[in-house]
Every structure is written in structure tokens, then in C-alpha cells.
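A.B. asks: If you scroll down you'll find the structure; I have some questions about it.
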Amino acid sequence: MAHMYVAFIALLLGGLAGLLQVLVRSGEFTLPTGIKIGYYQVLTVHGILLALILTTFFILGFQLAAVSRTAGAFTNTQRKIGWIGFWLMVIGTAAAATMVLLNKATVLYTFYAPLQAHWIFYLGLTLVVVGSWLLCIMQIMKYREWKKAHPGEISPLLTFLAIVNSILWITASLGVAVEVLFQLLPWSLGLVERIDILLSRTLFWYFGHALVYFWLLPAYMAWYVVVPKVIGAKIFSDSLARLSFMLFLLFSFPVGIHHQLTEPGIDGFWKFIQVVLTFFVVIPSLLTAFSMFATFELRGRELGGRGILGWFKALPWGDSRFLLPFIGMVAFIPGGAGGIVNASHQMNQLVHNTIWVTGHFHLTVATTVVLTFFGVAFWLIPHLTGRTLTPKLNYLGNISGILWGTGMLIMSFTMHIAGLLGAPRRSEFSTYGGAEMAYDWVPYQIAQAIGGTILFITIILIMYIVINLTWFAPKGQEEFPVAEVAAGAEKTPAILENFKVWGIILVALILFAYTIPIYEIITNSPAGSKGFQFW
Ligand code: HAS
């Protein structure tokens, strides 16, 4: 619950910043000058609170609950480690947020150099990362304990999936840790005058693309294990779920350069290699889509649905624990297709740095992932507080899912179209209006403002539901749904749980994809030509 409190406060404040942004971009509204908050500052608040704080706190809270539910309660030592991690994250968040609010860290959520923040901001982020490691270590300790107590057995699926995501997170955040500790912190403290920008961006994106899968995988956990139970089905295949998570672990890393396809200084050959590897990371999502369709069709037919689409109608549409993740899945069809466009080197030239990309991630993280998280919160919060999801709250939950889907559809559809016509990303309206304007963006911006306003209203509704589920709903027992594997499913091969084998392949793939590009960046930089050094 401690994680949920922080996550939902971040949702409210981050959502408010989002509302201000779409209003400013519509050209109809200017931020009150008295508050002295600029557009980029609001954008930074929005990105950090929603993309970094809401996600990390929600995910770690959900994973702790999932591991404890399926592998047994945490020991006292494990809980202590967890609390230290949690408080480090809270202190780090408060430090970083203070600097952003003081306008000393208006560096957007990617905090790229050459934008520079106050050193306290970087230190705050470091604390968030170190705290999150402790929370991951706590889960890994529980997993190892379970394995010792059950020699030769395959671990509970939900615990295994959470562990894979924890390992993914630790491996990913090593990249950003190196960037912050060896480049950004010394630079912001004035210890070094200059740093290698390309190197910092490459380290960031080694982390950044894996980060998007750190957000996605908890949603997939809910899809594979929770949603089947909610609709009364069984897990289609335990092996397929484990395989898809292992593929994510391997292919989340050697792909970061697909965010840097337009950057000079990285050889075209390595861009090509990472584009090809990006197409490999699409495969586990296609496996997941297949598995979900299979689960839904089998269950729909069990419920009496006939014909090509009869099974579809038979699904429990009135249950918000199912409806919200389902809307998230539907959004992931265009969201994922947009990702494939982004990754295709030539098409990337058209969409890169346009508002198309903003449309892409509002479908993926802000719809697919976040709607699934809301669907999870609707049973997880009452499960933790000893209350129940009443029919009224469930009904409001469904309304919130439909409103969120509608707001995002309007907003991200127009973002995609405007992006294709060349509207830049991350620009204040006034900076690209006026005489040089190639198109009249106003209708697109107004549509985005309408979508954004619907989203903010939905956030208020979600907060109402969450507050009720936390303090006011009737006392009772809400189930933590965990489905069983279908009786006819194949036995899970032990190799899928052999972390040593997958670990070696993972390290080999990372070294293959990054050693030469990073060596070349360092040796070809002005500082690098004088000697091998970080700055
Ligand atoms: Fe992305 C940029 C490529 C997935 C998030 N992405 C971003 C940014 C973010 C982000 C935040 O290659 C901006 C970063 C920044 O600030 O600059 N992305 C991809 C690819 C995928 C992908 C290939 N992205 C995600 C996910 C995200 C996310 C997931 C968050 C959670 N992305 C890129 C690239 C860029 C990029 C480039 C850089 C662009 C640039 O130039 O700057 C793939 O993983 C997508 C694969 C997904 C699928 C869809 C499978 C569908 C499923 C649903 C099934 C539905 C069912 C429902 C069962 C192939 C699983 C039944 C339905 C019925 C109707 C019955």
C-alpha cells in the first residue's frame, strides 16, 4: 500500500501537469506568469512523475505483492531491506522533485546532456535507482529461498515473471547509473568542464529501451496470470509465458540505438544490427497476443459463444478487472505497429522528433500499461486494505476505462497524424506558430486539448475510486486472482528457468551490440582522441 500511495499521488500531480501542457499547446491558454512555471518545467514534472515515479512505485509494489502471494510471505530481513529501499526511493523522489519545482532541473524526463540539472536532482535519481535495486533484491532473495525449499520444482509462474522483470531492471539501470555517476554528477558539480554528449545518450538509451519493457512486463504478468482467473479461464501455456519473458530479458538491451538512428557518430552498420535485433524483441509480444487470443477464445466458447465471433460476446464485459486490461490490449495493436514503424530505419527519418513519437508512447505506456495497472489496482488495493470492490465502484471503474480509452484515442490519433505532417515534439505552441507554419496545427492541438481534458477528468474519477477502495468501501475480502495452468498444457521445460544459460547469452548480446559502438564513440570524440577517458 505504501507504494500505491506514492504512485497515485504521482498520477494526480503528473496528470495535472499534463492538462496544463495540452492547454498551453492549444494556443488558447498561457500559464499564469505569477507562478513563474514555464512550459518545459511543466513537461518535466509531467514526464518524471508519470513515466518514472508512478510506474516504478506501482510496479515494485505490485511485484512485491505478487511474489508474496505466490512464493510465500517475506521474512523479517527481507522486509527490512524492502523498507530501506522504499524510503530511499521516497527521499530521492522528494529531492529530485524539489529541484524540478525550483526550476533547477528543467531537463525533461530523459535528462539528456547538454541540458544540465542541479546535482541534487541527479543524486535524487540515484537514490531512487538504488532503492529500487533493494526492492528487487528482496524479491530475488524470496525466489532463491523458494527454490531451495522446493528442489527440482518449477517456481510459481507469477514469482518467476516478477524475478525476470527485476533482473531486467537491475541490468538496465546499470547503464543510467554509469551515465549519472561518471558523467552527469561530476559535470553538474563542476568537477569536469565538458562531457561526451553522444556517450551519455548512448548509455541512457541502453537503459531507456529496456525501461519501456520494465513498464510493459508487469502488465503482461497481469495478462498471463490474473486476467485468465478473472474471466474464469486457465493459463493457456506456462512455458509460453516464461519463454516470452526470457526473450524480453535478452532482447530488451541490444536495441537502444534505435532511439539514435538520426544521430551522427554511430556507424550505420551498428544502427542496422540494432534495428534487426529490435525486430526480435517484437516476437515475444506477438507470442503474447497469440496467447491472449487463445485464452479469450477458449473461455468464450466454454461460456457458450458460437461461430466466428460469438465467443467474443460471451466474455465478462461488465468486470472492470477484465475490461481495463482488455482496452489496454486493443490499444497495443496500433501502439505496437507504431513501434515497428519507429524501428524501421528509413521510416524513422520521417517520424523521429515529431509528435508522432509522443502519440506512440501515449498508446503504449499511457494506455496499454497504465490501464492494465488501473485494472490491477481495482482488486489489489481492496485486497490489501481488507475492503471490497462494490458493484458501484466496479461500474465507475468501467466508466473510467472507457473514458481513458476515448481520451487517449482522440489525443494520440491526432498526435500521430500531426506528427506525420511534421509537427515537432516537445515544442511550445508559440514557437512553431506564425509565419513559418507549413500547416495549420490549431485543429490538431485543440483535439489534443479535448483528449487531455477527458483524461484529467478520468484521473479525478480514478482517484475517487482509489480513495474509496483505500478508506471507505465496505470491509471484506477481495481476491488476489491467480489462474492455474490448463490441464492439457505441455510440461514446462527446466531450461526456461536456467538463469545461468540465459545470463551468459544476455551478457554476450550486450557486449556484441555495444562494445564497438562505445569504443568508437570514445576514441573518435575530441577528448577520446587525446586518450581513453570518460569526459
Ligand atoms: Fe516504443 C520510442 C520502437 C514498444 C515506449 N517508445 C518510444 C518512447 C517511449 C516508448 C516512451 O524503434 C519515446 C522515448 C523518448 O522519450 O524519446 N517501441 C518500439 C517497438 C516496440 C515498442 C519496436 N514502446 C513500446 C512499449 C513502450 C514504448 C511497450 C512502453 C511501455 N519506440 C520504438 C522506437 C522509438 C520508440 C524505435 C524511437 C522513436 C524515435 O525516433 O525517437 C515493440 O515492442 C512493439 C511490439 C508490439 C506489438 C503489439 C502486440 C499486441 C498485443 C496486444 C494483443 C491484443 C489482444 C486483444 C489479445 C507487436 C500483445 C484482443 C483484441 C481484439 C480486438 C479481439
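Please note that chains go A, B, ... in the order of the C-alpha cells, that every chain numbers its residues from 1, and that ligands are numbered from 1 in the order shown.
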Within 6 Å of ligand 1, which residues show up when you count only C-alpha atoms and all ligand atoms? List them as a ChimeraX atom specification, please.
C.D. replies: /A:212-213,215-216,258-259,278,282,285-286,288-289,292-293,329-330,332-333,336-337,339-340,342-343,348,352-353,357,361,364-365
A.B. asks: Could you give me, as a list in words, the residues within 10 Å of Ala51 in chain A, counting only C-alpha atoms and dropping anything in the same chain fewer than 6 positions from it?
C.D. replies: Ala10, Leu11, Gly14, Val45, Tyr109, Thr110, Leu211, Val212, Trp215, Val365 and Ala366 of chain A
A.B. asks: Output the selection as a PDB file, in the first residue's frame - N, CA, C and O atoms for each residue.
C.D. replies:
```
ATOM      1  N   ALA A  10       1.442  10.619  -7.461  1.00  0.00           N
ATOM      2  CA  ALA A  10       2.169  10.983  -8.691  1.00  0.00           C
ATOM      3  C   ALA A  10       1.196  11.084  -9.871  1.00  0.00           C
ATOM      4  O   ALA A  10       1.321  11.978 -10.718  1.00  0.00           O
ATOM      5  N   LEU A  11       0.213  10.190  -9.909  1.00  0.00           N
ATOM      6  CA  LEU A  11      -0.767  10.228 -11.007  1.00  0.00           C
ATOM      7  C   LEU A  11      -1.531  11.548 -11.004  1.00  0.00           C
ATOM      8  O   LEU A  11      -1.691  12.202 -12.038  1.00  0.00           O
ATOM      9  N   GLY A  14       1.018  14.529 -11.732  1.00  0.00           N
ATOM     10  CA  GLY A  14       1.532  14.395 -13.103  1.00  0.00           C
ATOM     11  C   GLY A  14       0.428  14.634 -14.119  1.00  0.00           C
ATOM     12  O   GLY A  14       0.646  15.228 -15.177  1.00  0.00           O
ATOM     13  N   VAL A  45       7.894  17.965 -15.117  1.00  0.00           N
ATOM     14  CA  VAL A  45       7.108  17.433 -13.991  1.00  0.00           C
ATOM     15  C   VAL A  45       6.231  16.273 -14.486  1.00  0.00           C
ATOM     16  O   VAL A  45       6.183  15.190 -13.882  1.00  0.00           O
ATOM     17  N   TYR A 109      12.107  14.267 -18.918  1.00  0.00           N
ATOM     18  CA  TYR A 109      12.233  13.001 -18.169  1.00  0.00           C
ATOM     19  C   TYR A 109      13.435  12.179 -18.616  1.00  0.00           C
ATOM     20  O   TYR A 109      13.864  11.269 -17.922  1.00  0.00           O
ATOM     21  N   THR A 110      14.002  12.528 -19.767  1.00  0.00           N
ATOM     22  CA  THR A 110      15.188  11.790 -20.245  1.00  0.00           C
ATOM     23  C   THR A 110      16.484  12.420 -19.726  1.00  0.00           C
ATOM     24  O   THR A 110      17.557  11.861 -19.960  1.00  0.00           O
ATOM     25  N   LEU A 211      13.894   0.092 -20.210  1.00  0.00           N
ATOM     26  CA  LEU A 211      12.931   0.707 -19.292  1.00  0.00           C
ATOM     27  C   LEU A 211      11.497   0.515 -19.787  1.00  0.00           C
ATOM     28  O   LEU A 211      10.598   0.216 -19.001  1.00  0.00           O
ATOM     29  N   VAL A 212      11.268   0.664 -21.104  1.00  0.00           N
ATOM     30  CA  VAL A 212       9.878   0.538 -21.579  1.00  0.00           C
ATOM     31  C   VAL A 212       9.359  -0.885 -21.373  1.00  0.00           C
ATOM     32  O   VAL A 212       8.177  -1.102 -21.151  1.00  0.00           O
ATOM     33  N   TRP A 215       8.316  -1.376 -17.845  1.00  0.00           N
ATOM     34  CA  TRP A 215       6.926  -0.926 -17.656  1.00  0.00           C
ATOM     35  C   TRP A 215       5.940  -1.965 -18.191  1.00  0.00           C
ATOM     36  O   TRP A 215       4.896  -2.216 -17.601  1.00  0.00           O
ATOM     37  N   VAL A 365       2.697   3.132 -23.242  1.00  0.00           N
ATOM     38  CA  VAL A 365       2.802   3.177 -21.775  1.00  0.00           C
ATOM     39  C   VAL A 365       1.552   3.788 -21.147  1.00  0.00           C
ATOM     40  O   VAL A 365       1.025   3.271 -20.153  1.00  0.00           O
ATOM     41  N   ALA A 366       1.027   4.879 -21.747  1.00  0.00           N
ATOM     42  CA  ALA A 366      -0.064   5.594 -21.069  1.00  0.00           C
ATOM     43  C   ALA A 366      -1.427   4.926 -21.269  1.00  0.00           C
ATOM     44  O   ALA A 366      -2.373   5.251 -20.551  1.00  0.00           O
TER      45      ALA A 366
END
```
A.B. asks: Quick one: residues within 10 Å of Trp471 in chain A, only C-alpha atoms counted, chain neighbours fewer than 6 positions away excluded, as a PyMOL selection string?
C.D. replies: chain A and resi 382+385-387
A.B. asks: Which parts of range 288-398 of chain A does DSSP call alpha helix (DSSP H) when run on the backbone here, written out as a PyMOL selection string?
C.D. replies: chain A and resi 288-302+310-313+320-343+345-351+355-363+370-385+391-398
A.B. asks: Got a sec: who's within 12 Å of Asp319 in chain A, counting only C-alpha atoms, leaving out chain neighbours fewer than 6 positions off, as a ChimeraX atom specification?
C.D. replies: /A:227,230-232,325-326,375-376,378-379,389-399,401
A.B. asks: Those selected residues, please, written with C-alpha atoms and delivered as a PDB file, in the first residue's frame.
C.D. replies:
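So out.pdb came out as:
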```
ATOM      1  CA  VAL A 227      -6.862 -11.863 -16.356  1.00  0.00           C
ATOM      2  CA  VAL A 230     -10.826 -13.070 -13.579  1.00  0.00           C
ATOM      3  CA  ILE A 231     -12.629 -14.432 -16.647  1.00  0.00           C
ATOM      4  CA  GLY A 232     -12.732 -17.960 -15.218  1.00  0.00           C
ATOM      5  CA  PRO A 325      -6.637  -4.532 -19.301  1.00  0.00           C
ATOM      6  CA  PHE A 326      -8.584  -5.531 -22.410  1.00  0.00           C
ATOM      7  CA  GLY A 375      -7.417  -2.721 -13.632  1.00  0.00           C
ATOM      8  CA  VAL A 376      -4.951  -4.302 -11.167  1.00  0.00           C
ATOM      9  CA  PHE A 378      -9.136  -2.109  -8.512  1.00  0.00           C
ATOM     10  CA  TRP A 379      -8.601  -5.519  -6.859  1.00  0.00           C
ATOM     11  CA  LEU A 389     -14.772  -3.669  -4.934  1.00  0.00           C
ATOM     12  CA  THR A 390     -18.509  -2.934  -4.758  1.00  0.00           C
ATOM     13  CA  PRO A 391     -20.741  -3.124  -7.881  1.00  0.00           C
ATOM     14  CA  LYS A 392     -20.922   0.701  -7.886  1.00  0.00           C
ATOM     15  CA  LEU A 393     -17.141   1.134  -7.749  1.00  0.00           C
ATOM     16  CA  ASN A 394     -16.761  -1.584 -10.397  1.00  0.00           C
ATOM     17  CA  TYR A 395     -19.238   0.316 -12.605  1.00  0.00           C
ATOM     18  CA  LEU A 396     -17.311   3.572 -12.104  1.00  0.00           C
ATOM     19  CA  GLY A 397     -14.149   1.622 -12.885  1.00  0.00           C
ATOM     20  CA  ASN A 398     -15.625   0.577 -16.236  1.00  0.00           C
ATOM     21  CA  ILE A 399     -16.631   4.174 -16.985  1.00  0.00           C
ATOM     22  CA  GLY A 401     -11.628   2.718 -18.550  1.00  0.00           C
TER      23      GLY A 401
END
```
A.B. asks: Need to verify the contact set: Ser239 in chain A, 6 Å, only C-alpha atoms, exclusion of same-chain residues closer than 3 positions in sequence. Can you return it as a list of chain:residue names?
C.D. replies: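 The residues satisfying every condition are A:Arg242, A:Leu243, A:Thr492.
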A.B. asks: Selected residues, N, CA, C and O atoms, written as a tab-separated table (two decimals), in the first residue's frame, please.
C.D. replies:
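File written: result_33.tsv
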```
chain	number	residue	atom	x	y	z
A	242	ARG	N	6.77	-18.04	-19.86
A	242	ARG	CA	8.17	-17.95	-19.42
A	242	ARG	C	9.08	-17.64	-20.60
A	242	ARG	O	10.02	-16.84	-20.49
A	243	LEU	N	8.82	-18.30	-21.72
A	243	LEU	CA	9.68	-18.08	-22.89
A	243	LEU	C	9.60	-16.62	-23.32
A	243	LEU	O	10.62	-15.97	-23.59
A	492	THR	N	6.43	-27.65	-18.40
A	492	THR	CA	7.40	-26.58	-18.65
A	492	THR	C	8.83	-27.12	-18.64
A	492	THR	O	9.25	-27.73	-17.65
```
A.B. asks: Quick one: residues within 12 Å of Phe160 in chain A, only C-alpha atoms counted, chain neighbours fewer than 2 positions away excluded, as JSON, numbers by chain?
C.D. replies: {"A": [63, 66, 67, 68, 70, 71, 139, 140, 142, 143, 144, 146, 147, 154, 155, 156, 157, 158, 162, 163, 164, 165, 166, 167, 217, 218, 221, 225, 238, 239, 241, 242, 243, 245, 246, 496, 497, 498, 499]}
A.B. asks: What would the file look like if the residues just selected were written as a short mmCIF file (atom, residue, chain, number, x, y, z; two decimals), in the first residue's frame with N, CA, C and O atoms?
C.D. replies:
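Dumped everything to out16.cif:
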```cif
data_model
loop_
_atom_site.label_atom_id
_atom_site.label_comp_id
_atom_site.auth_asym_id
_atom_site.auth_seq_id
_atom_site.Cartn_x
_atom_site.Cartn_y
_atom_site.Cartn_z
N GLN A 63 4.78 -6.10 -7.78
CA GLN A 63 5.63 -7.29 -7.80
C GLN A 63 5.84 -7.88 -6.40
O GLN A 63 5.85 -9.09 -6.22
N ALA A 66 2.85 -9.75 -5.62
CA ALA A 66 2.74 -10.96 -6.44
C ALA A 66 3.67 -12.06 -5.92
O ALA A 66 3.27 -13.22 -5.82
N VAL A 67 4.90 -11.67 -5.55
CA VAL A 67 5.86 -12.67 -5.06
C VAL A 67 5.38 -13.21 -3.72
O VAL A 67 5.39 -14.42 -3.47
N SER A 68 4.90 -12.30 -2.87
CA SER A 68 4.47 -12.74 -1.55
C SER A 68 3.23 -13.64 -1.66
O SER A 68 3.08 -14.61 -0.91
N THR A 70 2.49 -15.67 -4.21
CA THR A 70 2.72 -16.96 -4.87
C THR A 70 3.92 -17.73 -4.33
O THR A 70 4.00 -18.94 -4.51
N ALA A 71 4.89 -17.03 -3.68
CA ALA A 71 6.06 -17.77 -3.16
C ALA A 71 6.09 -17.76 -1.64
O ALA A 71 7.01 -18.31 -1.04
N GLN A 139 13.00 -9.43 -3.66
CA GLN A 139 12.22 -10.44 -4.39
C GLN A 139 13.10 -11.62 -4.80
O GLN A 139 12.68 -12.78 -4.72
N ILE A 140 14.33 -11.29 -5.23
CA ILE A 140 15.23 -12.36 -5.68
C ILE A 140 15.58 -13.29 -4.49
O ILE A 140 15.64 -14.50 -4.63
N LYS A 142 13.66 -13.96 -1.97
CA LYS A 142 12.50 -14.83 -1.71
C LYS A 142 12.45 -15.98 -2.72
O LYS A 142 12.18 -17.13 -2.37
N TYR A 143 12.76 -15.63 -3.97
CA TYR A 143 12.74 -16.64 -5.03
C TYR A 143 13.76 -17.74 -4.74
O TYR A 143 13.46 -18.93 -4.83
N ARG A 144 14.99 -17.32 -4.34
CA ARG A 144 16.05 -18.31 -4.06
C ARG A 144 15.65 -19.19 -2.88
O ARG A 144 15.89 -20.40 -2.88
N TRP A 146 12.64 -19.97 -2.02
CA TRP A 146 11.61 -20.91 -2.51
C TRP A 146 12.26 -22.07 -3.26
O TRP A 146 11.92 -23.23 -3.07
N LYS A 147 13.23 -21.73 -4.11
CA LYS A 147 13.89 -22.76 -4.92
C LYS A 147 14.60 -23.77 -4.02
O LYS A 147 14.60 -24.96 -4.27
N ILE A 154 9.53 -26.48 -10.62
CA ILE A 154 9.43 -25.22 -11.37
C ILE A 154 8.76 -24.18 -10.46
O ILE A 154 7.77 -24.49 -9.80
N SER A 155 9.31 -22.98 -10.42
CA SER A 155 8.79 -21.97 -9.49
C SER A 155 7.39 -21.49 -9.88
O SER A 155 6.97 -21.67 -11.03
N PRO A 156 6.65 -20.88 -8.94
CA PRO A 156 5.33 -20.34 -9.30
C PRO A 156 5.49 -19.32 -10.43
O PRO A 156 6.41 -18.50 -10.40
N LEU A 157 4.58 -19.39 -11.39
CA LEU A 157 4.74 -18.57 -12.60
C LEU A 157 4.85 -17.07 -12.30
O LEU A 157 5.74 -16.39 -12.79
N LEU A 158 3.95 -16.58 -11.44
CA LEU A 158 3.93 -15.13 -11.21
C LEU A 158 5.24 -14.67 -10.54
O LEU A 158 5.79 -13.61 -10.88
N ALA A 162 8.00 -12.01 -12.15
CA ALA A 162 8.45 -10.83 -11.40
C ALA A 162 9.97 -10.81 -11.28
O ALA A 162 10.61 -9.76 -11.38
N ILE A 163 10.57 -11.99 -11.10
CA ILE A 163 12.03 -12.06 -10.96
C ILE A 163 12.70 -11.67 -12.27
O ILE A 163 13.68 -10.93 -12.29
N VAL A 164 12.15 -12.14 -13.39
CA VAL A 164 12.74 -11.78 -14.68
C VAL A 164 12.71 -10.25 -14.83
O VAL A 164 13.69 -9.62 -15.23
N ASN A 165 11.58 -9.64 -14.46
CA ASN A 165 11.49 -8.18 -14.60
C ASN A 165 12.46 -7.46 -13.65
O ASN A 165 13.01 -6.42 -13.99
N SER A 166 12.68 -8.04 -12.46
CA SER A 166 13.63 -7.43 -11.53
C SER A 166 15.05 -7.50 -12.11
O SER A 166 15.82 -6.54 -12.02
N ILE A 167 15.39 -8.64 -12.70
CA ILE A 167 16.73 -8.77 -13.28
C ILE A 167 16.87 -7.80 -14.46
O ILE A 167 17.90 -7.14 -14.64
N LEU A 217 6.26 -5.34 -18.81
CA LEU A 217 6.18 -6.72 -18.32
C LEU A 217 5.20 -6.91 -17.14
O LEU A 217 4.51 -7.93 -17.09
N PRO A 218 5.10 -5.96 -16.20
CA PRO A 218 4.08 -6.18 -15.15
C PRO A 218 2.67 -6.23 -15.74
O PRO A 218 1.81 -6.96 -15.24
N MET A 221 2.35 -9.61 -16.92
CA MET A 221 2.12 -10.54 -15.80
C MET A 221 0.63 -10.64 -15.52
O MET A 221 0.08 -11.73 -15.33
N VAL A 225 -1.45 -14.08 -16.03
CA VAL A 225 -1.79 -14.83 -14.82
C VAL A 225 -3.09 -14.36 -14.16
O VAL A 225 -3.87 -15.18 -13.68
N ASP A 238 2.06 -22.23 -19.64
CA ASP A 238 3.05 -21.72 -18.69
C ASP A 238 4.38 -21.50 -19.42
O ASP A 238 5.04 -20.47 -19.25
N SER A 239 4.76 -22.44 -20.29
CA SER A 239 6.06 -22.35 -20.99
C SER A 239 6.10 -21.12 -21.87
O SER A 239 7.11 -20.42 -21.96
N ALA A 241 4.53 -18.30 -21.56
CA ALA A 241 4.70 -17.08 -20.77
C ALA A 241 6.16 -16.93 -20.35
O ALA A 241 6.76 -15.87 -20.48
N ARG A 242 6.77 -18.04 -19.86
CA ARG A 242 8.17 -17.95 -19.42
C ARG A 242 9.08 -17.64 -20.60
O ARG A 242 10.02 -16.84 -20.49
N LEU A 243 8.82 -18.30 -21.72
CA LEU A 243 9.68 -18.08 -22.89
C LEU A 243 9.60 -16.62 -23.32
O LEU A 243 10.62 -15.97 -23.59
N PHE A 245 8.96 -13.99 -21.57
CA PHE A 245 9.68 -13.11 -20.64
C PHE A 245 11.19 -13.26 -20.81
O PHE A 245 11.93 -12.28 -20.73
N MET A 246 11.66 -14.49 -21.05
CA MET A 246 13.10 -14.68 -21.25
C MET A 246 13.56 -13.95 -22.52
O MET A 246 14.64 -13.36 -22.57
N LEU A 496 13.94 -23.34 -19.23
CA LEU A 496 13.36 -21.99 -19.20
C LEU A 496 13.67 -21.30 -17.88
O LEU A 496 13.58 -20.08 -17.78
N GLU A 497 14.04 -22.08 -16.86
CA GLU A 497 14.33 -21.45 -15.58
C GLU A 497 15.83 -21.44 -15.28
O GLU A 497 16.24 -21.12 -14.16
N ASN A 498 16.63 -21.76 -16.29
CA ASN A 498 18.08 -21.82 -16.07
C ASN A 498 18.70 -20.44 -16.29
O ASN A 498 19.11 -20.08 -17.40
N PHE A 499 18.76 -19.64 -15.22
CA PHE A 499 19.21 -18.26 -15.35
C PHE A 499 20.68 -18.17 -15.78
O PHE A 499 21.09 -17.18 -16.37
#
```
A.B. asks: Env of Met415 in chain A: 9 Å cut, atoms = only C-alpha atoms, seq-sep filter 5 positions within chain, self excluded. Answer as a VMD selection string.
C.D. replies: chain A and resid 354 to 360 410 420 423 444 to 445 448
